[in-house]
Amino acid sequence: MDQTGAGVHPDNSLLSDGPIGRSAGAVADWLTSSDHKKIGRLFTGFGLLGMALVAVIGALLQLEDIIDSDSFSGPTLRAFGQLHHFGLVLMVLAPLTVGLSLAVVPMQVGARSIAFARSAQFGFVSWFLGAVLTAVAVINGGGIGGSDSDMVDLSLASMALMSIGLCAVAVSIATTVLTSRAPGMTMRRVPFFSWSALIQSLAILITLPVLLGLVVYLFVDHRHTARVFGGSEAFGVWIPRFFSAPIVYIFAIPALGVFAEAVPVAFGRRHPLRQVVFAGLALVGIGGFSAVTMQNDFPVDFSGVGADIISELVVMAFFVGLPLLGVIVTLFASLLVAKPTGGPSPKPRLVSPLLFGLVSLLLIALGAIVGVLLQIVDLELSNSNAATGSVVLVALAGALGAIGGLAFWSPKLSGRSGDEKKVAPLALLGGLGTLLAGAPMVLTGISGTQSSLMSTLSLVGYALIVLTVLAYVAAMRSAPRDGGLNPWCAHTIEWSLASPAPADNYSAVPVLRSAEPELDQTSEGSPS
Amino acid sequence: MTLALPAGPAPAPRRQLFVGTALIGLAGTALIGGMLAVWLLQRQQVVDAGARFPEKFIIPEVATNVMLMTIYALCLFAQWAVYSAHRQDRTHTGAALGLVFVLGLAFINAQAFVYSQMGMVLAESGYATLFYALTGVMIAMVIIGLIFTAVTAFRALGGRDWQLELVSAHALYWYFAAAAYSAVWFVVYVTK
């Protein structure tokens, strides 16, 4: 029996008689386990499922545009539109990135378990119930502009449930990074991915409670008077801003962390300026502050007076520009590891985590650039399709980055290591799908005209996303359970664990002398 | 299991509970801060339209001021519990936590008194919506604090060790609750 309480619950052994009992026991084991890897994998598993479903919904919406028919009734279209928009953030991007952080961070910082494991477990159950109930409510006439009063209330309550769940997980992750690091792991030596998880968790803790408070107001108002905020139609003024640029960036931060983590591994070298990467990742977290202001519009009107333009630019640059700067800093600072140091130029190994991370980062940067353009009043993009395109780009790109992280840490999570020939091309396929799904929306918003060509391209993009998810799952399912101890020659402490990692991670906590303890074991160089 | 690095001693606990409580306090601050921001926005709209805010209700200010003093006193007793726990004084720790619990109940009682004195029906006005939502969340924070106090008391008084970190985290939670109520008190009951 492990000492952390993680792993199989002893009561579940009662269910292990016969195939049904074994299945029920396995389900009960997964749902009651306090092993952070299992909770994280539950999040990511349902995140992948959500990604496929939301992409199918996105494809159906584009198909409706192409055939220009009334195949879907107005309420169905409204429900699909909302499930697509909210689903991209709360049912795809958030569970994938938060789940990956939950699964990996304790191993990376040398902790035996996640802090407040039961809180993390509650977080998953709360998020899962909230996600299911949101889908049920929206499909049955709830959500923004919903006609069924009870379902509108249910959709608000379930959104609150999801927010509470994600906050509970964020507290666990942030506390783990801040308090449970192995001896010798100072904050300067925290792995890039764990740092990105910390930034995301803190950003979630200042963002989602604001949404929660708003939902409480809307719920009470709608349930009793609907005077202050108006009916369910008026919710459209308040809630979508939490699922648009720049707030949506905070859910994609761990995807950038995957890239920052993968670059030194691909080059097989120590990173020379870790703090600059830390700063870049932290800058992206500034997007969360826009939630505190309860708005996502920081308009700049270039036809106005000079002094006004400057003051508007300063505000916009802080809330929207700094996150974009953070993405760019993360990209270039991470690539500093490729700088020649006297010898021959280092050549990277094009491993799948690097490809997923790079594609993800570039597409997030594209989405963030569109996010900046949305603020320019003269372009008249803020209420156009370009705003949706920006969210699609960031959310799907962030999800791709998380898939790259899953491929990277798969040996420690499941014991499997996917065939690189099958997994690596999926980064390009997913990247192409994301670009095709989101960019036509942006172009449609800029041109101001809807065309069937653009809708067709988006449809193809969503189809490629579905294909990417299915192919990734198939590739990982078919991989043998012999992932190896450190197949990537990675540098951080979790690669000293067996594959898959045991329930309580480390039986004896190691002492670190550098940020790259596994690299210290090779002839690469002395500790930093 | 293969370890690539030499094993060291188990890391000393680094105030996991305390840091976790601080993070929950951060989230609570964002929650109450966001709700107050919406309150002020709605208030501004009503005032700009030339109406009174609140429309017709009279707030029993004595009770709300007593609530403020109650929650400050509650923090004092929570800190007394920390002091006593450090001195391994079980009697005083128990007394302090008991007083925290009683004052928490008194706070909820005073809020119920405010509700009954104002006599607002939720479905009758927009102000009532905002008021009950905001003060209801504040009451929920106090109820969570009471549960925290009960758990702290059971573990600190019934356990074999002194749970210093738990008692400290408990006090920290009440500091956050007091700060949150101070903001609510100023915005809702003073500036109205």
# chains A, B, ... in the order shown; residues from 1 in each chain; ligands from 1
call {"tool": "select_by_dssp", "arguments": {"residues": "range 12-186 of chain B", "states": "helix (DSSP H, G or I)", "output": "JSON, numbers by chain"}}
result
{"B": [16, 17, 18, 19, 20, 21, 22, 23, 24, 25, 26, 27, 28, 29, 30, 31, 32, 33, 34, 35, 36, 37, 38, 39, 40, 41, 42, 43, 44, 45, 46, 47, 48, 61, 62, 63, 64, 65, 66, 67, 68, 69, 70, 71, 72, 73, 74, 75, 76, 77, 78, 79, 80, 81, 82, 83, 84, 85, 86, 90, 91, 92, 93, 94, 95, 96, 97, 98, 99, 100, 101, 102, 103, 104, 105, 106, 107, 108, 109, 110, 111, 112, 113, 114, 115, 116, 117, 118, 122, 123, 124, 126, 127, 128, 129, 130, 131, 132, 133, 134, 135, 136, 137, 138, 139, 140, 141, 142, 143, 144, 145, 146, 147, 148, 149, 150, 151, 152, 153, 154, 155, 156, 157, 158, 164, 165, 166, 167, 168, 169, 170, 171, 172, 173, 174, 175, 176, 177, 178, 179, 180, 181, 182, 183, 184, 185, 186]}
call {"tool": "interface_residues", "arguments": {"of": "chain A", "to": "chain B", "cutoff": "6 Å", "atoms": "only C-alpha atoms", "output": "ChimeraX atom specification"}}
result
/A:175,179,205-206,209-210,213,217,221,224-225,227-228,496,498,508-511
call {"tool": "write_last_selection", "arguments": {"atoms": "N, CA and C atoms", "output": "tab-separated table (two decimals), in the first residue's frame"}}
result
chain	number	residue	atom	x	y	z
A	175	THR	N	-0.43	25.20	-5.28
A	175	THR	CA	0.15	24.87	-3.96
A	175	THR	C	1.27	23.84	-4.11
A	179	THR	N	4.92	24.71	-2.72
A	179	THR	CA	5.30	24.14	-1.42
A	179	THR	C	5.93	22.76	-1.47
A	205	LEU	N	-7.27	31.50	-10.80
A	205	LEU	CA	-7.79	31.88	-9.48
A	205	LEU	C	-8.20	33.35	-9.40
A	206	ILE	N	-7.74	34.17	-10.32
A	206	ILE	CA	-8.24	35.56	-10.31
A	206	ILE	C	-9.31	35.76	-11.38
A	209	PRO	N	-13.25	33.07	-10.42
A	209	PRO	CA	-14.15	33.57	-9.36
A	209	PRO	C	-14.95	34.80	-9.79
A	210	VAL	N	-14.36	35.63	-10.65
A	210	VAL	CA	-15.11	36.79	-11.15
A	210	VAL	C	-16.30	36.31	-11.98
A	213	GLY	N	-18.94	34.95	-9.56
A	213	GLY	CA	-19.74	36.01	-8.94
A	213	GLY	C	-20.79	36.53	-9.91
A	217	TYR	N	-25.04	36.44	-9.66
A	217	TYR	CA	-25.95	37.55	-9.93
A	217	TYR	C	-26.98	37.16	-10.99
A	221	ASP	N	-30.96	36.82	-10.43
A	221	ASP	CA	-31.79	37.76	-11.19
A	221	ASP	C	-32.75	37.01	-12.11
A	224	HIS	N	-35.58	35.04	-10.26
A	224	HIS	CA	-36.61	35.74	-9.49
A	224	HIS	C	-37.20	36.96	-10.18
A	225	THR	N	-36.39	37.81	-10.77
A	225	THR	CA	-37.00	39.04	-11.31
A	225	THR	C	-36.62	39.33	-12.75
A	227	ARG	N	-34.75	41.65	-13.73
A	227	ARG	CA	-34.88	43.10	-13.90
A	227	ARG	C	-33.54	43.78	-14.12
A	228	VAL	N	-32.57	43.36	-13.34
A	228	VAL	CA	-31.29	44.08	-13.36
A	228	VAL	C	-30.51	43.77	-14.63
A	496	SER	N	13.50	10.28	-14.00
A	496	SER	CA	14.21	9.27	-13.21
A	496	SER	C	13.25	8.22	-12.68
A	498	ALA	N	10.23	5.28	-12.76
A	498	ALA	CA	9.90	4.14	-13.63
A	498	ALA	C	8.78	4.54	-14.57
A	508	ALA	N	11.81	7.64	-2.52
A	508	ALA	CA	12.81	8.45	-1.83
A	508	ALA	C	13.01	9.72	-2.65
A	509	VAL	N	12.74	10.84	-2.03
A	509	VAL	CA	12.78	12.10	-2.78
A	509	VAL	C	14.22	12.49	-3.06
A	510	PRO	N	14.56	12.73	-4.33
A	510	PRO	CA	15.94	13.07	-4.67
A	510	PRO	C	16.27	14.52	-4.33
A	511	VAL	N	17.55	14.78	-4.21
A	511	VAL	CA	18.02	16.16	-3.99
A	511	VAL	C	18.54	16.70	-5.32
call {"tool": "atom_distance", "arguments": {"atom1": "CA of Ala103 in chain A", "atom2": "CA of Gly40 in chain A"}}
result
4.4 Å
call {"tool": "residues_around", "arguments": {"residues": "range 352-367 of chain A", "least_positions_apart": "3", "cutoff": "7 Å", "atoms": "only C-alpha atoms", "output": "PyMOL selection string"}}
result
chain A and resi 255-256+258-259+262-263+266+324+327+370-371+390-391+393-394+397-398+400-401+404-405+407-408+420+423-424+427+431
call {"tool": "atom_distance", "arguments": {"atom1": "CA of Leu198 in chain A", "atom2": "CA of Ala111 in chain A"}}
result
14.7 Å
call {"tool": "closest_residue", "arguments": {"among": "A:Leu218, A:Leu100, A:Leu178, A:Ala59", "to": "Val190 in chain A", "atoms": "only C-alpha atoms"}}
result
A:Leu178
call {"tool": "residues_around", "arguments": {"residues": "His271 in chain A", "least_positions_apart": "3", "cutoff": "10 Å", "atoms": "only C-alpha atoms", "output": "list in words"}}
result
Ala260, Glu261, Val263, Pro264, Val265, Phe267, Gly268, Arg274, Gln275, Val277, Ala333, Ser334, Leu335, Leu336, Val337, Ala338, Lys339, Ala515, Glu516 and Ser528 of chain A
call {"tool": "residues_around", "arguments": {"residues": "Ala110 in chain B", "least_positions_apart": "4", "cutoff": "8 Å", "atoms": "only C-alpha atoms", "output": "ChimeraX atom specification"}}
result
/B:63-64,66-67,106,114
call {"tool": "closest_residue", "arguments": {"among": "A:Phe242, A:Phe278, A:Phe86, A:Trp127", "to": "Trp195 in chain A", "atoms": "only C-alpha atoms"}}
result
A:Phe278
call {"tool": "closest_residue", "arguments": {"among": "A:Ser172, A:Ser244, A:Ser311, A:Thr388", "to": "Gly81 in chain A", "atoms": "only C-alpha atoms"}}
result
A:Thr388
